[in-house]
Amino acid sequence: MKTRLTEMVGIKVPILLSGMSWISTPKMVAAVSNAGGLGILATGPLNSSQTREAIREIRKLTDKPFGANASLMFPGAAENAKVLLKEQVPVINFALGKGDWIVREAHKYGGKVFATVVNLKHAKRAQDFGTDAVIATGQEAAAHGEDVTSLVLIPHLAENLQIPVIGAGGFADGRGLAAALALGADGVAMGTRLMTTKESPLHENYKKLAQEKDVYDTLFSKRFDGILCRVMKTDAAKKAVKKGLSWPAAFFNSQDIARQMGVPYFKLFIGVLLSGYGNARQLAYMANAFKAIRVATENGDSQTGVLPVGQVQGLIHDQPTVAELFERIVKEAKAAQAKVDGALA
Amino acid sequence: MIKTAITEMFGVQYPIICGAMMWLCKPSLCAAVSNAGGIGNLTAANYETEEDFRAAIRETRRLTDKPFFVGITLLPSIRITAEHHRMYVRVSAEEKVAGIEFSGTPLDKVAGMEAVDLLKKAGVKLFHKVGAVRHALHAEKIGFDGVYAAGIEEGGHPLNDDVTTMILTPRMVESLTIPVVTVGGIANGRTMAAALALGAQGVMMASRFIATKECDVHDNIKQELIRRQEFDTVIYGKSIGLQGRGLKSRVIAEVLAIEERKGGFEELIPLLSGQKVKEAWETGDVDYAPLMVGQSIGLISDVPTCAELLRRMAAEAKEISAQAAKLCGN
């Protein structure tokens with residue numbers, strides 16, 4: 001397949017691996033890139049030296065283009081982004097913040113920068129400061145979408161932007177890819193679908209759950225990590241949403257994060273306090289969510305673990321290899337497209 | 001000219017159906033959509049007596065010789081009772097209308113299987129608007145001819161499963177043998193082509209038809225739909241068990257505030273009165289009553305005639321499909 005996205009980054013299928021914490025690891029990124037898509041490394045759980053090592057590991061596993069993300073709201077994300085720039089990562093995907101400085105630096109070595117957005121205002125701003133493409137997150141997506149759904153958001157962005165739009169939220173198969181192209185997208189990002197593949201490091205318990213759960217088995221709430229977030233509906237998720245923010249838990253969980261980031265807890269604590277109540281509350285929320293997602297993905301714990309998933313889990317019925325999946329998606333997209341052509345002829 | 005199971009079933013040019021809209025889907029708009037090559041809707045609850053309902057069907061027939069749907073919502077309300085529902089079914093069968101869009105409770109639960117049989121014997125095609133596969137399977141089981149798969153982006157009362165069109169349509173298509181019509185988020189050729197790619201045999205739109213020349217509504221409303229964007233609608237009514245999506249406005253902000261402080265049904269009822277909606281459509285005051293439109297309003301930027309709209313959607317879908325075919329290497 002050939003779209004502005006495949007041409008821009010030199011890939012064969014217009015499919016991105018969403019940067020999912022503890023899932024989009026070097027091996028997974030390489031599997032997706034080797035199969036012809038674009039793997040995106042999740043740097044959320046990594047400190048800067050781990051990020052550097054991860055990039056080098058990816059380069060050992062694949063000679064194909066790949067990317068890495070930086071969720072600018074997280075502490076340590078800017079430091080990670082600087083590592084990505086220094087290592088000249090081909091594609092940097094920033095979210096939840098203003099990435100103009102990343103664009104400036106990446107363009108110096110010919111890197112491309114994608115912004116994750118939920119509305120036209122942010123997309124236009126990203127386009128104005130030189131971002132190369134936007135990833136449009138629809139309401140159905142795992143984790144942080146907003147109210148507008150992919151069906152409406154993609155055509156609205158595609159018609160008002162010059163840069164390519166990549167649809168995220170609701171995509172798991174070839175019909176979806178064909179629909180995204182019809183809506184004006186140049187590609188799609190897949191998280192929930194790709195986490196349920198043979199190569200994905202997601203714990204087997206959750207791979208199984210993702211296949212069993214239906215389209216309506218998700219929760220979409222601000223009470224999980226402080227902003228609208230979609231997670232798999234499990235007893236643990238229901239409990240977490242009911243409980244809302246627990247400050248004492250955040251106190252302990254943020255100590256883990258400080259250890260993870262390799263900064264003294266005292267320094268992180270003061271930094272967070274100085275950032276104001278709203279931000280501190282947000283980070284406290286995220287510290288708890290961080291822990292819950294980690295025990296779900298790594299340990300398969302469905303008692304206390306919580307996993308972000310999209311509604312599209314209801315369309316997932318198997319666990320193929322990434323290469324098998326991409327081959328099937330391309331075949332299905334061609335068939336779906338041929339059918340539409342037939343109807344419109 | 002488009003060819004799908006829906007165009008074949010009804011012998012129409014385009015698989016584009018107008019959805020039921022209280023106060024708006026009357027003979028003139030209904031006939032305009034059907035004359036334009038789509039399928040119009042005559043919403044039954046606009047008529048309280050058998051005489052008025054039958055007269056409206058006949059008036060529509062004077063205005064068009066093309067097929068059109070009757071819209072019947074099977075939910076109890078103060079004005080429209082179970083007796084009305086039975087009357088609408090009987091008159092639709094007697095008048096042999098082309099099809100019925102049902103929504104709400106399944107027809108067999110409200111009026112028994114004899115109502116289904118009566119309509120089928122009269123050659124009326126039956127569709128139910130549903131938000132979940134389990135409801136669609138029921139419609140299929142009792143002999144319905146198709147379902148409308150209504151995603152959370154639709155205006156009106158989307159099911160609180162909250163599943164979006166992008167996911168609901170393919171989920172329905174893989175689970176059913178009867179045709180699926182996509183509802184929610186459809187307003188142009190792009191969204192129609194996407195629905196077809198997802199496996200739909202047609203699309204249903206309502207908000208888009210409000211902003212057409214033939215829709216009998218105050219011009220302020222049409223202009224407001226052009227001005228407002230896809231994020232300008234909101235879900236309300238979750239606290240009373242009947243969620244709705246409507247245009248963000250002062251009255252909906254008030255409704256949400258009452259719900260937030262857990263105010264009851266009695267407090268909400270005066271704000272949600274259907275009579276006030278009628279007045280709002282007529283006077284063009286968007287803050288007077290909840291106006292139930294979908295996220296697709298973000299894709300509306302003009303007021304064409306129904307004929308212009310449908311012709312443009314088909315041409316756009318065709319052009320887009322040709323581009324997409326190239327991207328797919330077909």
# chains A, B, ... in the order shown; residues from 1 in each chain; ligands from 1
call {"tool": "closest_atom_pairs", "arguments": {"of": "chain A", "to": "chain B", "cutoff": "6 Å", "atoms": "only C-alpha atoms", "output": "JSON lines"}}
result
{"residue": "A:Met1", "atom": "CA", "partner": "B:Cys328", "partner_atom": "CA", "distance": 5.1}
{"residue": "A:Lys2", "atom": "CA", "partner": "B:Leu327", "partner_atom": "CA", "distance": 5.1}
{"residue": "A:Thr3", "atom": "CA", "partner": "B:Leu327", "partner_atom": "CA", "distance": 5.7}
{"residue": "A:Val152", "atom": "CA", "partner": "B:Gly185", "partner_atom": "CA", "distance": 5.7}
{"residue": "A:Gly170", "atom": "CA", "partner": "B:Ile167", "partner_atom": "CA", "distance": 5.8}
{"residue": "A:Arg175", "atom": "CA", "partner": "B:Leu198", "partner_atom": "CA", "distance": 5.1}
{"residue": "A:Ala178", "atom": "CA", "partner": "B:Ala197", "partner_atom": "CA", "distance": 6.0}
{"residue": "A:Ala179", "atom": "CA", "partner": "B:Ala194", "partner_atom": "CA", "distance": 4.0}
{"residue": "A:Leu181", "atom": "CA", "partner": "B:Ala324", "partner_atom": "CA", "distance": 5.9}
{"residue": "A:Ala182", "atom": "CA", "partner": "B:Ala194", "partner_atom": "CA", "distance": 5.3}
{"residue": "A:Leu183", "atom": "CA", "partner": "B:Arg190", "partner_atom": "CA", "distance": 5.0}
{"residue": "A:Tyr216", "atom": "CA", "partner": "B:Asp161", "partner_atom": "CA", "distance": 5.4}
{"residue": "A:Lys334", "atom": "CA", "partner": "B:Cys328", "partner_atom": "CA", "distance": 5.7}
{"residue": "A:Ala336", "atom": "CA", "partner": "B:Ala197", "partner_atom": "CA", "distance": 5.3}
{"residue": "A:Val340", "atom": "CA", "partner": "B:Ala197", "partner_atom": "CA", "distance": 5.9}
{"residue": "A:Ala343", "atom": "CA", "partner": "B:Lys3", "partner_atom": "CA", "distance": 4.7}
{"residue": "A:Leu344", "atom": "CA", "partner": "B:Ile2", "partner_atom": "CA", "distance": 4.8}
call {"tool": "select_by_dssp", "arguments": {"residues": "range 77-304 of chain A", "states": "strand (DSSP E or B)", "output": "PyMOL selection string"}}
result
chain A and resi 91-95+112-117+133-137+143+165-168+187-190+218-221+229-232
call {"tool": "closest_residue", "arguments": {"among": "A:Gly130, A:Gly300, A:Pro75, A:Gly167", "to": "Ile102 in chain A", "atoms": "only C-alpha atoms"}}
result
A:Gly130
call {"tool": "residues_around", "arguments": {"residues": "range 239-249 of chain A", "least_positions_apart": "2", "cutoff": "12 Å", "atoms": "only C-alpha atoms", "output": "ChimeraX atom specification"}}
result
/A:218-237,251-256,280-293,302-307
call {"tool": "residues_around", "arguments": {"residues": "Val91 in chain B", "least_positions_apart": "2", "cutoff": "10 Å", "atoms": "only C-alpha atoms", "output": "PyMOL selection string"}}
result
chain B and resi 50-51+53-54+57+86-89+93-97+119
call {"tool": "write_last_selection", "arguments": {"atoms": "N, CA and C atoms", "output": "PDB file, in the first residue's frame"}}
result
ATOM      1  N   GLU B  50     -55.716   8.857  14.291  1.00  0.00           N
ATOM      2  CA  GLU B  50     -55.621   7.997  13.112  1.00  0.00           C
ATOM      3  C   GLU B  50     -55.846   8.810  11.838  1.00  0.00           C
ATOM      4  N   GLU B  51     -56.826   9.725  11.902  1.00  0.00           N
ATOM      5  CA  GLU B  51     -57.158  10.535  10.721  1.00  0.00           C
ATOM      6  C   GLU B  51     -55.957  11.368  10.291  1.00  0.00           C
ATOM      7  N   PHE B  53     -52.769  10.903  11.022  1.00  0.00           N
ATOM      8  CA  PHE B  53     -51.641  10.077  10.593  1.00  0.00           C
ATOM      9  C   PHE B  53     -51.871   9.578   9.164  1.00  0.00           C
ATOM     10  N   ARG B  54     -53.085   9.088   8.916  1.00  0.00           N
ATOM     11  CA  ARG B  54     -53.383   8.569   7.577  1.00  0.00           C
ATOM     12  C   ARG B  54     -53.322   9.707   6.540  1.00  0.00           C
ATOM     13  N   ILE B  57     -49.735  10.371   5.585  1.00  0.00           N
ATOM     14  CA  ILE B  57     -49.198   9.366   4.645  1.00  0.00           C
ATOM     15  C   ILE B  57     -49.692   9.682   3.235  1.00  0.00           C
ATOM     16  N   ARG B  86     -50.090   0.908  18.563  1.00  0.00           N
ATOM     17  CA  ARG B  86     -50.849  -0.106  17.822  1.00  0.00           C
ATOM     18  C   ARG B  86     -51.538   0.510  16.605  1.00  0.00           C
ATOM     19  N   MET B  87     -52.043   1.742  16.779  1.00  0.00           N
ATOM     20  CA  MET B  87     -52.718   2.426  15.666  1.00  0.00           C
ATOM     21  C   MET B  87     -51.718   2.699  14.533  1.00  0.00           C
ATOM     22  N   TYR B  88     -50.515   3.177  14.898  1.00  0.00           N
ATOM     23  CA  TYR B  88     -49.512   3.466  13.858  1.00  0.00           C
ATOM     24  C   TYR B  88     -49.186   2.199  13.057  1.00  0.00           C
ATOM     25  N   VAL B  89     -49.053   1.082  13.779  1.00  0.00           N
ATOM     26  CA  VAL B  89     -48.724  -0.184  13.114  1.00  0.00           C
ATOM     27  C   VAL B  89     -49.854  -0.582  12.161  1.00  0.00           C
ATOM     28  N   ALA B  93     -49.718  -0.697   8.006  1.00  0.00           N
ATOM     29  CA  ALA B  93     -49.988  -1.929   7.252  1.00  0.00           C
ATOM     30  C   ALA B  93     -51.091  -1.682   6.229  1.00  0.00           C
ATOM     31  N   GLU B  94     -52.149  -1.020   6.671  1.00  0.00           N
ATOM     32  CA  GLU B  94     -53.268  -0.752   5.745  1.00  0.00           C
ATOM     33  C   GLU B  94     -52.813   0.095   4.564  1.00  0.00           C
ATOM     34  N   GLU B  95     -51.962   1.051   4.850  1.00  0.00           N
ATOM     35  CA  GLU B  95     -51.493   1.954   3.787  1.00  0.00           C
ATOM     36  C   GLU B  95     -50.315   1.353   3.024  1.00  0.00           C
ATOM     37  N   LYS B  96     -49.848   0.195   3.454  1.00  0.00           N
ATOM     38  CA  LYS B  96     -48.726  -0.490   2.802  1.00  0.00           C
ATOM     39  C   LYS B  96     -47.534   0.443   2.550  1.00  0.00           C
ATOM     40  N   VAL B  97     -47.057   1.087   3.626  1.00  0.00           N
ATOM     41  CA  VAL B  97     -45.878   1.959   3.465  1.00  0.00           C
ATOM     42  C   VAL B  97     -44.667   1.076   3.156  1.00  0.00           C
ATOM     43  N   LEU B 119     -47.560  -6.584   9.520  1.00  0.00           N
ATOM     44  CA  LEU B 119     -46.749  -5.686   8.689  1.00  0.00           C
ATOM     45  C   LEU B 119     -46.055  -6.457   7.572  1.00  0.00           C
TER      46      LEU B 119
END
call {"tool": "residues_around", "arguments": {"residues": "Val188 in chain A", "least_positions_apart": "6", "cutoff": "8 Å", "atoms": "only C-alpha atoms", "output": "ChimeraX atom specification"}}
result
/A:14-16,166-168,171,177,180
call {"tool": "write_last_selection", "arguments": {"atoms": "N, CA and C atoms", "output": "CSV table (one decimal), in the first residue's frame"}}
result
chain,number,residue,atom,x,y,z
A,14,PRO,N,0.5,1.1,6.1
A,14,PRO,CA,0.3,2.4,6.8
A,14,PRO,C,-0.2,2.2,8.2
A,15,ILE,N,0.5,1.4,9.0
A,15,ILE,CA,0.0,1.1,10.3
A,15,ILE,C,1.1,1.4,11.4
A,16,LEU,N,0.7,2.1,12.4
A,16,LEU,CA,1.7,2.4,13.5
A,16,LEU,C,1.4,1.5,14.7
A,166,ILE,N,-3.4,10.5,10.8
A,166,ILE,CA,-3.3,9.1,11.1
A,166,ILE,C,-4.4,8.8,12.2
A,167,GLY,N,-5.4,7.9,11.8
A,167,GLY,CA,-6.5,7.6,12.7
A,167,GLY,C,-6.1,6.7,13.8
A,168,ALA,N,-6.5,7.0,15.1
A,168,ALA,CA,-6.2,6.1,16.2
A,168,ALA,C,-7.5,6.0,17.0
A,171,PHE,N,-9.5,0.9,15.3
A,171,PHE,CA,-8.9,0.2,14.2
A,171,PHE,C,-8.3,-1.2,14.6
A,177,LEU,N,-9.2,-0.1,8.2
A,177,LEU,CA,-8.2,0.6,7.5
A,177,LEU,C,-8.8,1.3,6.2
A,180,ALA,N,-10.8,4.2,7.2
A,180,ALA,CA,-9.9,5.4,7.6
A,180,ALA,C,-9.4,6.1,6.3
call {"tool": "residues_around", "arguments": {"residues": "Thr73 in chain B", "least_positions_apart": "5", "cutoff": "12 Å", "atoms": "only C-alpha atoms", "output": "CSV table (one decimal) with N, CA and C atoms, in the first residue's frame"}}
result
chain,number,residue,atom,x,y,z
B,19,GLY,N,-33.5,9.8,9.1
B,19,GLY,CA,-33.9,9.2,10.4
B,19,GLY,C,-35.1,10.0,10.9
B,20,ALA,N,-35.9,9.3,11.8
B,20,ALA,CA,-37.1,9.9,12.4
B,20,ALA,C,-36.7,11.1,13.2
B,21,MET,N,-37.4,12.2,13.0
B,21,MET,CA,-37.1,13.4,13.8
B,21,MET,C,-38.5,14.0,14.2
B,22,MET,N,-38.7,14.1,15.5
B,22,MET,CA,-40.0,14.6,16.0
B,22,MET,C,-40.1,16.1,15.6
B,42,LEU,N,-41.4,9.7,7.6
B,42,LEU,CA,-42.6,10.4,8.2
B,42,LEU,C,-42.7,9.9,9.6
B,43,THR,N,-42.5,10.9,10.6
B,43,THR,CA,-42.4,10.4,12.0
B,43,THR,C,-43.8,10.4,12.6
B,44,ALA,N,-44.2,9.2,13.0
B,44,ALA,CA,-45.6,9.0,13.4
B,44,ALA,C,-46.1,9.8,14.5
B,45,ALA,N,-45.2,10.0,15.5
B,45,ALA,CA,-45.6,10.7,16.8
B,45,ALA,C,-46.0,12.2,16.5
B,46,ASN,N,-45.8,12.7,15.3
B,46,ASN,CA,-46.3,14.0,15.0
B,46,ASN,C,-47.8,14.0,14.9
B,80,ILE,N,-47.9,10.1,23.7
B,80,ILE,CA,-48.1,9.0,22.8
B,80,ILE,C,-48.1,7.7,23.6
B,81,THR,N,-49.3,7.0,23.6
B,81,THR,CA,-49.5,5.8,24.4
B,81,THR,C,-49.3,4.5,23.6
B,82,ALA,N,-49.4,3.4,24.3
B,82,ALA,CA,-49.3,2.1,23.6
B,82,ALA,C,-50.5,2.0,22.6
B,84,HIS,N,-51.6,4.4,20.8
B,84,HIS,CA,-51.1,5.1,19.6
B,84,HIS,C,-50.1,4.1,18.8
B,85,HIS,N,-49.3,3.4,19.5
B,85,HIS,CA,-48.3,2.5,18.8
B,85,HIS,C,-49.0,1.5,18.0
B,86,ARG,N,-50.1,0.9,18.6
B,86,ARG,CA,-50.8,-0.1,17.8
B,86,ARG,C,-51.5,0.5,16.6
B,88,TYR,N,-50.5,3.2,14.9
B,88,TYR,CA,-49.5,3.5,13.9
B,88,TYR,C,-49.2,2.2,13.1
B,89,VAL,N,-49.1,1.1,13.8
B,89,VAL,CA,-48.7,-0.2,13.1
B,89,VAL,C,-49.9,-0.6,12.2
B,100,ILE,N,-40.7,0.7,7.8
B,100,ILE,CA,-40.8,1.3,9.1
B,100,ILE,C,-39.5,1.3,9.9
B,101,GLU,N,-39.1,2.5,10.4
B,101,GLU,CA,-38.0,2.6,11.3
B,101,GLU,C,-38.5,2.5,12.7
B,102,PHE,N,-38.3,1.4,13.4
B,102,PHE,CA,-38.7,1.3,14.8
B,102,PHE,C,-37.5,1.7,15.7
B,103,SER,N,-37.8,2.3,16.9
B,103,SER,CA,-36.8,2.4,17.9
B,103,SER,C,-37.4,2.2,19.2
B,104,GLY,N,-36.6,2.0,20.2
B,104,GLY,CA,-37.1,1.7,21.6
B,104,GLY,C,-37.3,0.2,21.8
B,105,THR,N,-38.4,-0.1,22.5
B,105,THR,CA,-38.7,-1.5,22.9
B,105,THR,C,-38.9,-2.3,21.6
B,106,PRO,N,-38.5,-3.6,21.6
B,106,PRO,CA,-38.8,-4.5,20.5
B,106,PRO,C,-40.3,-4.5,20.2
B,107,LEU,N,-40.7,-4.6,18.9
B,107,LEU,CA,-42.1,-4.5,18.5
B,107,LEU,C,-42.9,-5.7,19.0
B,110,VAL,N,-44.0,-5.1,22.6
B,110,VAL,CA,-45.0,-4.1,22.7
B,110,VAL,C,-46.4,-4.5,22.2
B,127,PHE,N,-37.3,-2.3,10.1
B,127,PHE,CA,-36.0,-2.0,10.6
B,127,PHE,C,-36.1,-1.5,12.0
B,128,HIS,N,-35.1,-2.0,12.8
B,128,HIS,CA,-35.1,-1.5,14.2
B,128,HIS,C,-33.8,-0.7,14.4
B,129,LYS,N,-33.8,0.4,15.1
B,129,LYS,CA,-32.6,1.1,15.4
B,129,LYS,C,-32.1,0.6,16.7
B,130,VAL,N,-30.9,0.1,16.7
B,130,VAL,CA,-30.3,-0.6,17.9
B,130,VAL,C,-28.9,-0.1,18.1
B,156,GLY,N,-30.2,12.3,19.5
B,156,GLY,CA,-31.3,11.5,20.0
B,156,GLY,C,-30.9,10.7,21.2
B,157,HIS,N,-31.3,9.4,21.2
B,157,HIS,CA,-31.1,8.6,22.4
B,157,HIS,C,-30.2,7.4,22.1
call {"tool": "residues_around", "arguments": {"residues": "Trp281 in chain B", "least_positions_apart": "5", "cutoff": "12 Å", "atoms": "only C-alpha atoms", "output": "NGL selection string"}}
result
:B and (21-24 or 210 or 215-222 or 224 or 274-276 or 286-292)
call {"tool": "write_last_selection", "arguments": {"atoms": "C-alpha atoms", "output": "short mmCIF file (atom, residue, chain, number, x, y, z; two decimals), in the first residue's frame"}}
result
data_model
loop_
_atom_site.label_atom_id
_atom_site.label_comp_id
_atom_site.auth_asym_id
_atom_site.auth_seq_id
_atom_site.Cartn_x
_atom_site.Cartn_y
_atom_site.Cartn_z
CA MET B 21 -37.15 13.43 13.84
CA MET B 22 -39.99 14.63 16.00
CA TRP B 23 -41.65 17.81 14.62
CA LEU B 24 -39.40 17.87 11.53
CA ILE B 210 -32.08 19.63 9.28
CA CYS B 215 -36.52 21.22 6.26
CA ASP B 216 -39.26 23.27 7.87
CA VAL B 217 -37.31 24.76 10.77
CA HIS B 218 -36.28 28.33 11.64
CA ASP B 219 -33.24 29.50 9.65
CA ASN B 220 -31.35 30.30 12.89
CA ILE B 221 -31.24 26.57 13.60
CA LYS B 222 -29.71 25.77 10.22
CA GLU B 224 -26.33 27.34 14.15
CA GLY B 274 -41.22 17.94 23.82
CA GLN B 275 -43.60 20.85 23.34
CA LYS B 276 -40.74 23.28 24.05
CA VAL B 286 -31.30 27.15 20.51
CA ASP B 287 -31.18 27.83 24.26
CA TYR B 288 -34.88 27.25 24.82
CA ALA B 289 -35.05 23.44 24.65
CA PRO B 290 -32.69 20.49 24.12
CA LEU B 291 -32.08 20.09 20.39
CA MET B 292 -31.06 16.52 19.72
#
